[in-house]
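Structure record follows, encoded as structure tokens.
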Amino acid sequence: MVEAVQDAGVVVTGAGGGIGAALARRFAAAGARVVVNDLDAGKAADVAEEIGGIAVAGDASSIVADARDALGGTVDVYCANAGVAFAGEEPGQPLDEKAWSLSWDVNVMAHVRAAQELLPAWLERGSGRFVSTVSAAGLLTMIGAAPYAVTKHGAYAFAEYLSLTYRHRGIKVHAICPQGVRTGMLDATGTAGDLVLKPTAIAPEDVADALFKGMEEDRFLILPHPEVAGYYEARAAAPDRWLDGMNHIQQRWEEAR
């Protein structure tokens with residue numbers, strides 16, 4: 001068990017299902033007091049009732065104060081898990097401005113806003129843990145989903161910034177970067193997800209297991225699919241070769257469509 005999780009005040013956004021619900025269950029099983037957040041109040045209430053947590057419904061960008069109050073004034077661990085994905089982009093077609101705007105707001109700015117709310121108290125006491133659910137798309141990319149791929153790069157960059165800036169002041173940061181996970185979001189990726197993600201998709205509970213192992217080992221980068229490390233190294237070492245390989249996958253996707 002990760003030290004300091006017992007009795008810790010934990011917030012998990014986007015916890016009405018999928019990875020978020022798995023994280024909430026895992027923290028509750030470890031003895032944490034868990035706030036379950038989701039835009040869908042019914043889903044948040046269901047998960048909270050199941051685990052003995054507290055439901056705080058609403059936009060993940062603006063629930064820190066309510067979550068802190070629900071936990072008695074202190075948030076020890078904040079899991080920025082809520083995310084959105086849009087798929088099915090046609091090559092050569094204009095990208096939807098609304099999809100870009102919402103993706104930036106949920107996948108990046110919600111993390112920024114939460115950190116701005118949390119950091120003053122964390123820095124004052126010299127401790128706090130920020131968990132960012134990113135995606136392997138934030139290290140690599142994803143075909144057919146530009147807003148998702150680009151904003152997940154942003155989420156990863158922000159998590160890196162938090163870690164390098166505040167680790168000497170007691171703030172721990174973890175970036176979870178899975179590939180396919182068997183959730184509704186994976187289903188929404190359509191044929192691109194069928195080609196790239198579904199063959200190696202894992203359960204949400206596997207992501208929670210990977211996070212807890214990473215916290216025990218005090219690692220920033222959490223890779224529920226270990227093979228992503230090799231892909232990331234190949235991308236950095238030979239970007240043109242890597243882009244050629246991704247382009248071949250793009251062509252296979254276009255042919256399949």
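Residues are referred to by chain and number: the chain letter is A, B, ... according to the order shown in the structure tokens, the number counts from 1 in that chain, and ligands are numbered separately from 1 in the order shown.
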If we count only C-alpha atoms and set the cut-off at 8 Å, which residues sit around Ala32 (chain A), ignoring sequence neighbours fewer than 5 positions away in its own chain? Please answer as a short mmCIF file (atom, residue, chain, number, x, y, z; two decimals) with C-alpha atoms, in the first residue's frame.
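Below is the file that was written, selection-v2.cif:
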```
data_model
loop_
_atom_site.label_atom_id
_atom_site.label_comp_id
_atom_site.auth_asym_id
_atom_site.auth_seq_id
_atom_site.Cartn_x
_atom_site.Cartn_y
_atom_site.Cartn_z
CA VAL A 5 -2.96 7.13 1.07
CA GLN A 6 -4.63 5.87 4.24
CA ASP A 7 -7.07 8.60 5.41
CA ALA A 8 -5.88 10.94 2.63
CA GLY A 9 -8.37 13.29 1.02
CA VAL A 10 -8.54 12.31 -2.66
CA PHE A 27 -8.08 4.81 -3.50
#
```
Determine which residues of region 65-197 of chain A receive a DSSP assignment of helix (DSSP H, G or I), computed from the backbone, and state them as a compact mmCIF listing (two decimals) with C-alpha atoms, in the first residue's frame.
```
# COMPACT_ATOMS: atom_id res chain seq x y z
CA ALA A 65 -13.31 24.43 -3.65
CA ASP A 66 -16.40 22.25 -3.25
CA ALA A 67 -14.29 19.10 -3.14
CA ARG A 68 -11.99 20.62 -0.53
CA ASP A 69 -14.99 21.55 1.62
CA ALA A 70 -16.41 18.04 1.24
CA GLU A 97 -13.56 24.68 -33.73
CA LYS A 98 -15.93 23.58 -30.98
CA ALA A 99 -14.10 20.28 -30.65
CA TRP A 100 -10.78 22.11 -30.34
CA SER A 101 -12.15 24.55 -27.76
CA LEU A 102 -13.72 21.89 -25.58
CA SER A 103 -10.64 19.67 -25.84
CA TRP A 104 -8.35 22.47 -24.67
CA ASP A 105 -10.71 23.36 -21.84
CA VAL A 106 -11.18 19.84 -20.47
CA ASN A 107 -7.91 18.11 -21.36
CA VAL A 108 -5.54 20.95 -20.46
CA MET A 109 -7.08 23.98 -18.79
CA ALA A 110 -9.01 21.95 -16.22
CA HIS A 111 -5.61 20.67 -15.03
CA VAL A 112 -4.17 24.17 -14.98
CA ARG A 113 -7.11 25.61 -13.04
CA ALA A 114 -7.03 22.80 -10.50
CA ALA A 115 -3.30 23.22 -9.91
CA GLN A 116 -3.70 26.96 -9.43
CA GLU A 117 -6.30 26.28 -6.73
CA LEU A 118 -4.34 23.53 -5.01
CA LEU A 119 -0.76 24.77 -5.07
CA PRO A 120 -0.90 27.56 -2.47
CA ALA A 121 -1.99 25.20 0.33
CA TRP A 122 0.27 22.40 -0.87
CA LEU A 123 3.32 24.65 -1.00
CA GLU A 124 2.56 26.08 2.42
CA ARG A 125 2.49 22.64 4.02
CA ALA A 136 0.05 7.52 -24.79
CA ALA A 137 -1.25 10.01 -27.36
CA GLY A 138 0.42 12.69 -25.23
CA ALA A 146 -6.06 15.94 -33.81
CA PRO A 147 -7.68 17.81 -30.89
CA TYR A 148 -7.19 14.82 -28.62
CA ALA A 149 -3.59 14.16 -29.64
CA VAL A 150 -2.53 17.80 -29.43
CA THR A 151 -4.22 18.59 -26.12
CA LYS A 152 -2.92 15.41 -24.52
CA HIS A 153 0.58 16.60 -25.47
CA GLY A 154 -0.34 19.78 -23.62
CA ALA A 155 -1.55 17.88 -20.56
CA TYR A 156 1.71 15.92 -20.46
CA ALA A 157 3.78 19.09 -20.81
CA PHE A 158 1.89 20.73 -17.96
CA ALA A 159 2.42 17.71 -15.71
CA GLU A 160 6.15 17.83 -16.52
CA TYR A 161 6.21 21.52 -15.69
CA LEU A 162 4.56 20.94 -12.32
CA SER A 163 7.00 18.17 -11.47
CA LEU A 164 10.18 19.99 -12.44
CA THR A 165 9.05 23.20 -10.74
CA TYR A 166 7.78 21.88 -7.42
CA ARG A 167 9.29 18.47 -6.68
CA HIS A 168 11.89 19.97 -4.34
CA ARG A 169 9.04 21.55 -2.38
CA GLY A 184 -16.69 4.33 -23.49
CA MET A 185 -14.03 6.74 -24.73
CA LEU A 186 -12.30 3.89 -26.56
CA ASP A 187 -15.58 2.96 -28.22
CA ALA A 188 -15.93 6.57 -29.35
CA GLY A 190 -14.33 4.54 -34.04
CA THR A 191 -12.37 2.81 -36.76
CA ALA A 192 -9.09 4.50 -35.81
CA GLY A 193 -9.35 3.07 -32.32
CA ASP A 194 -10.28 -0.32 -33.74
CA LEU A 195 -7.05 -0.31 -35.76
CA VAL A 196 -4.60 1.19 -33.29
```
To one decimal in Å, tell me the separation between CA of Asp218 (chain A) and CA of Asp206 (chain A).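 Result for CA of Asp218 (chain A) versus CA of Asp206 (chain A): 18.0 Å, one decimal.
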Restricting the calculation to only C-alpha atoms: of A:His174, A:Arg25, A:Lys198, A:Arg257, which residue gets closest to Glu216 (chain A)? A:His174
One decimal, in Å: what's the spacing between CA of Ala55 (chain A) and CA of Asp76 (chain A)? 17.0 Å
Test item: residues at most 9 Å from Ile176 (chain A), only C-alpha atoms, excluding those fewer than 4 positions along its chain, as a PDB file with C-alpha atoms, in the first residue's frame:
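around.pdb was written with the following content:
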```
ATOM      1  CA  VAL A 131      -2.155  12.789 -10.838  1.00  0.00           C
ATOM      2  CA  SER A 132      -2.733  13.625 -14.497  1.00  0.00           C
ATOM      3  CA  THR A 133      -4.487  11.077 -16.703  1.00  0.00           C
ATOM      4  CA  VAL A 134      -2.838  11.861 -20.017  1.00  0.00           C
ATOM      5  CA  SER A 135      -2.619   9.106 -22.659  1.00  0.00           C
ATOM      6  CA  ALA A 136       0.046   7.516 -24.787  1.00  0.00           C
ATOM      7  CA  TYR A 156       1.705  15.921 -20.460  1.00  0.00           C
ATOM      8  CA  VAL A 207      -4.511   1.548 -15.069  1.00  0.00           C
ATOM      9  CA  ALA A 210      -0.140   0.848 -12.646  1.00  0.00           C
ATOM     10  CA  LEU A 211      -0.674   4.160 -10.860  1.00  0.00           C
ATOM     11  CA  PHE A 220       6.567  10.539 -12.664  1.00  0.00           C
ATOM     12  CA  LEU A 221       5.752   8.636 -15.855  1.00  0.00           C
ATOM     13  CA  ILE A 222       3.262   5.802 -15.465  1.00  0.00           C
ATOM     14  CA  LEU A 223       3.038   3.435 -18.460  1.00  0.00           C
ATOM     15  CA  PRO A 224       0.267   0.832 -18.099  1.00  0.00           C
TER      16      PRO A 224
END
```
Using DSSP on the backbone, list every residue of region 65-124 of chain A that comes out as strand (DSSP E or B), and give them as a list in words.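 For region 65-124 of chain A, the strand (DSSP E or B) set is Val77, Tyr78, Cys79 and Ala80 of chain A.
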How far is it from CA of Ser62 (chain A) to CA of Ile171 (chain A), in Å with one decimal?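 Taking CA of Ser62 (chain A) as the start and CA of Ile171 (chain A) as the end point, the length is 21.2 Å.
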Among the residues A:Asp209, A:Glu254, A:Glu49, A:Asp244, the one that comes closest to Ala30 (chain A) [using only C-alpha atoms]: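 Of A:Asp209, A:Glu254, A:Glu49, A:Asp244, the one nearest Ala30 (chain A) is A:Asp209, counting only C-alpha atoms.
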What's the 7 Å shell around Ile19 (chain A), counting only C-alpha atoms, without same-chain residues fewer than 2 positions away, as a PDB file with N, CA and C atoms, in the first residue's frame?
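File written: out23.pdb
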```pdb
ATOM      1  N   GLY A  17     -17.263   6.715 -14.369  1.00  0.00           N
ATOM      2  CA  GLY A  17     -17.057   5.457 -15.076  1.00  0.00           C
ATOM      3  C   GLY A  17     -15.620   5.363 -15.543  1.00  0.00           C
ATOM      4  N   ALA A  21     -13.527   5.918 -12.376  1.00  0.00           N
ATOM      5  CA  ALA A  21     -14.193   5.067 -11.391  1.00  0.00           C
ATOM      6  C   ALA A  21     -13.223   4.040 -10.822  1.00  0.00           C
ATOM      7  N   ALA A  22     -12.357   3.493 -11.678  1.00  0.00           N
ATOM      8  CA  ALA A  22     -11.371   2.518 -11.207  1.00  0.00           C
ATOM      9  C   ALA A  22     -10.398   3.159 -10.218  1.00  0.00           C
ATOM     10  N   LEU A  23      -9.968   4.390 -10.490  1.00  0.00           N
ATOM     11  CA  LEU A  23      -9.091   5.094  -9.563  1.00  0.00           C
ATOM     12  C   LEU A  23      -9.790   5.354  -8.236  1.00  0.00           C
ATOM     13  N   PRO A 204      -9.752  -0.762 -17.109  1.00  0.00           N
ATOM     14  CA  PRO A 204      -9.475   0.419 -16.273  1.00  0.00           C
ATOM     15  C   PRO A 204      -8.761   0.073 -14.977  1.00  0.00           C
ATOM     16  N   VAL A 207      -5.075   0.201 -15.149  1.00  0.00           N
ATOM     17  CA  VAL A 207      -4.511   1.548 -15.069  1.00  0.00           C
ATOM     18  C   VAL A 207      -4.346   1.964 -13.607  1.00  0.00           C
TER      19      VAL A 207
END
```
Nearest candidate to Thr74 (chain A) (options A:Gly170, A:Gly128, A:Gly31, A:Gly52; using only C-alpha atoms):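 Selected residue with least distance to Thr74 (chain A): A:Gly128.
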List the spatial neighbours of Leu197 (chain A) as a ChimeraX atom specification - criterion: any atom at most 7 Å away, only C-alpha atoms, same-chain residues fewer than 4 positions off excluded. /A:179-180,193,201
Using N, CA and C atoms, can you write the selected residues to a file as a compact mmCIF listing (two decimals), in the first residue's frame?
```
# COMPACT_ATOMS: atom_id res chain seq x y z
N GLN A 179 -2.25 3.31 -23.49
CA GLN A 179 -2.81 3.27 -24.84
C GLN A 179 -4.31 2.95 -24.68
N GLY A 180 -4.82 1.96 -25.39
CA GLY A 180 -6.24 1.68 -25.32
C GLY A 180 -6.67 1.14 -23.97
N GLY A 193 -9.60 3.81 -33.56
CA GLY A 193 -9.35 3.07 -32.32
C GLY A 193 -9.36 1.57 -32.53
N ALA A 201 -5.90 -3.29 -25.84
CA ALA A 201 -6.62 -2.56 -24.80
C ALA A 201 -6.62 -3.33 -23.48
```
Which one of A:Ala44, A:Ala28, A:Ala145, A:Val12 sits closest to Asp96 (chain A) if you count only C-alpha atoms?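 Of A:Ala44, A:Ala28, A:Ala145, A:Val12, the one nearest Asp96 (chain A) is A:Ala145, counting only C-alpha atoms.
Using only C-alpha atoms, the nearest neighbour of Lys172 (chain A) within the list A:Val77, A:Ile51, A:Val34, A:Ala234 is A:Val77.
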Given only C-alpha atoms as the basis, pick out the residue of A:Gly53, A:Gly42, A:Pro199, A:Pro178 nearest to Val11 (chain A).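 Ranking A:Gly53, A:Gly42, A:Pro199, A:Pro178 by distance to Val11 (chain A), first place goes to A:Gly53.
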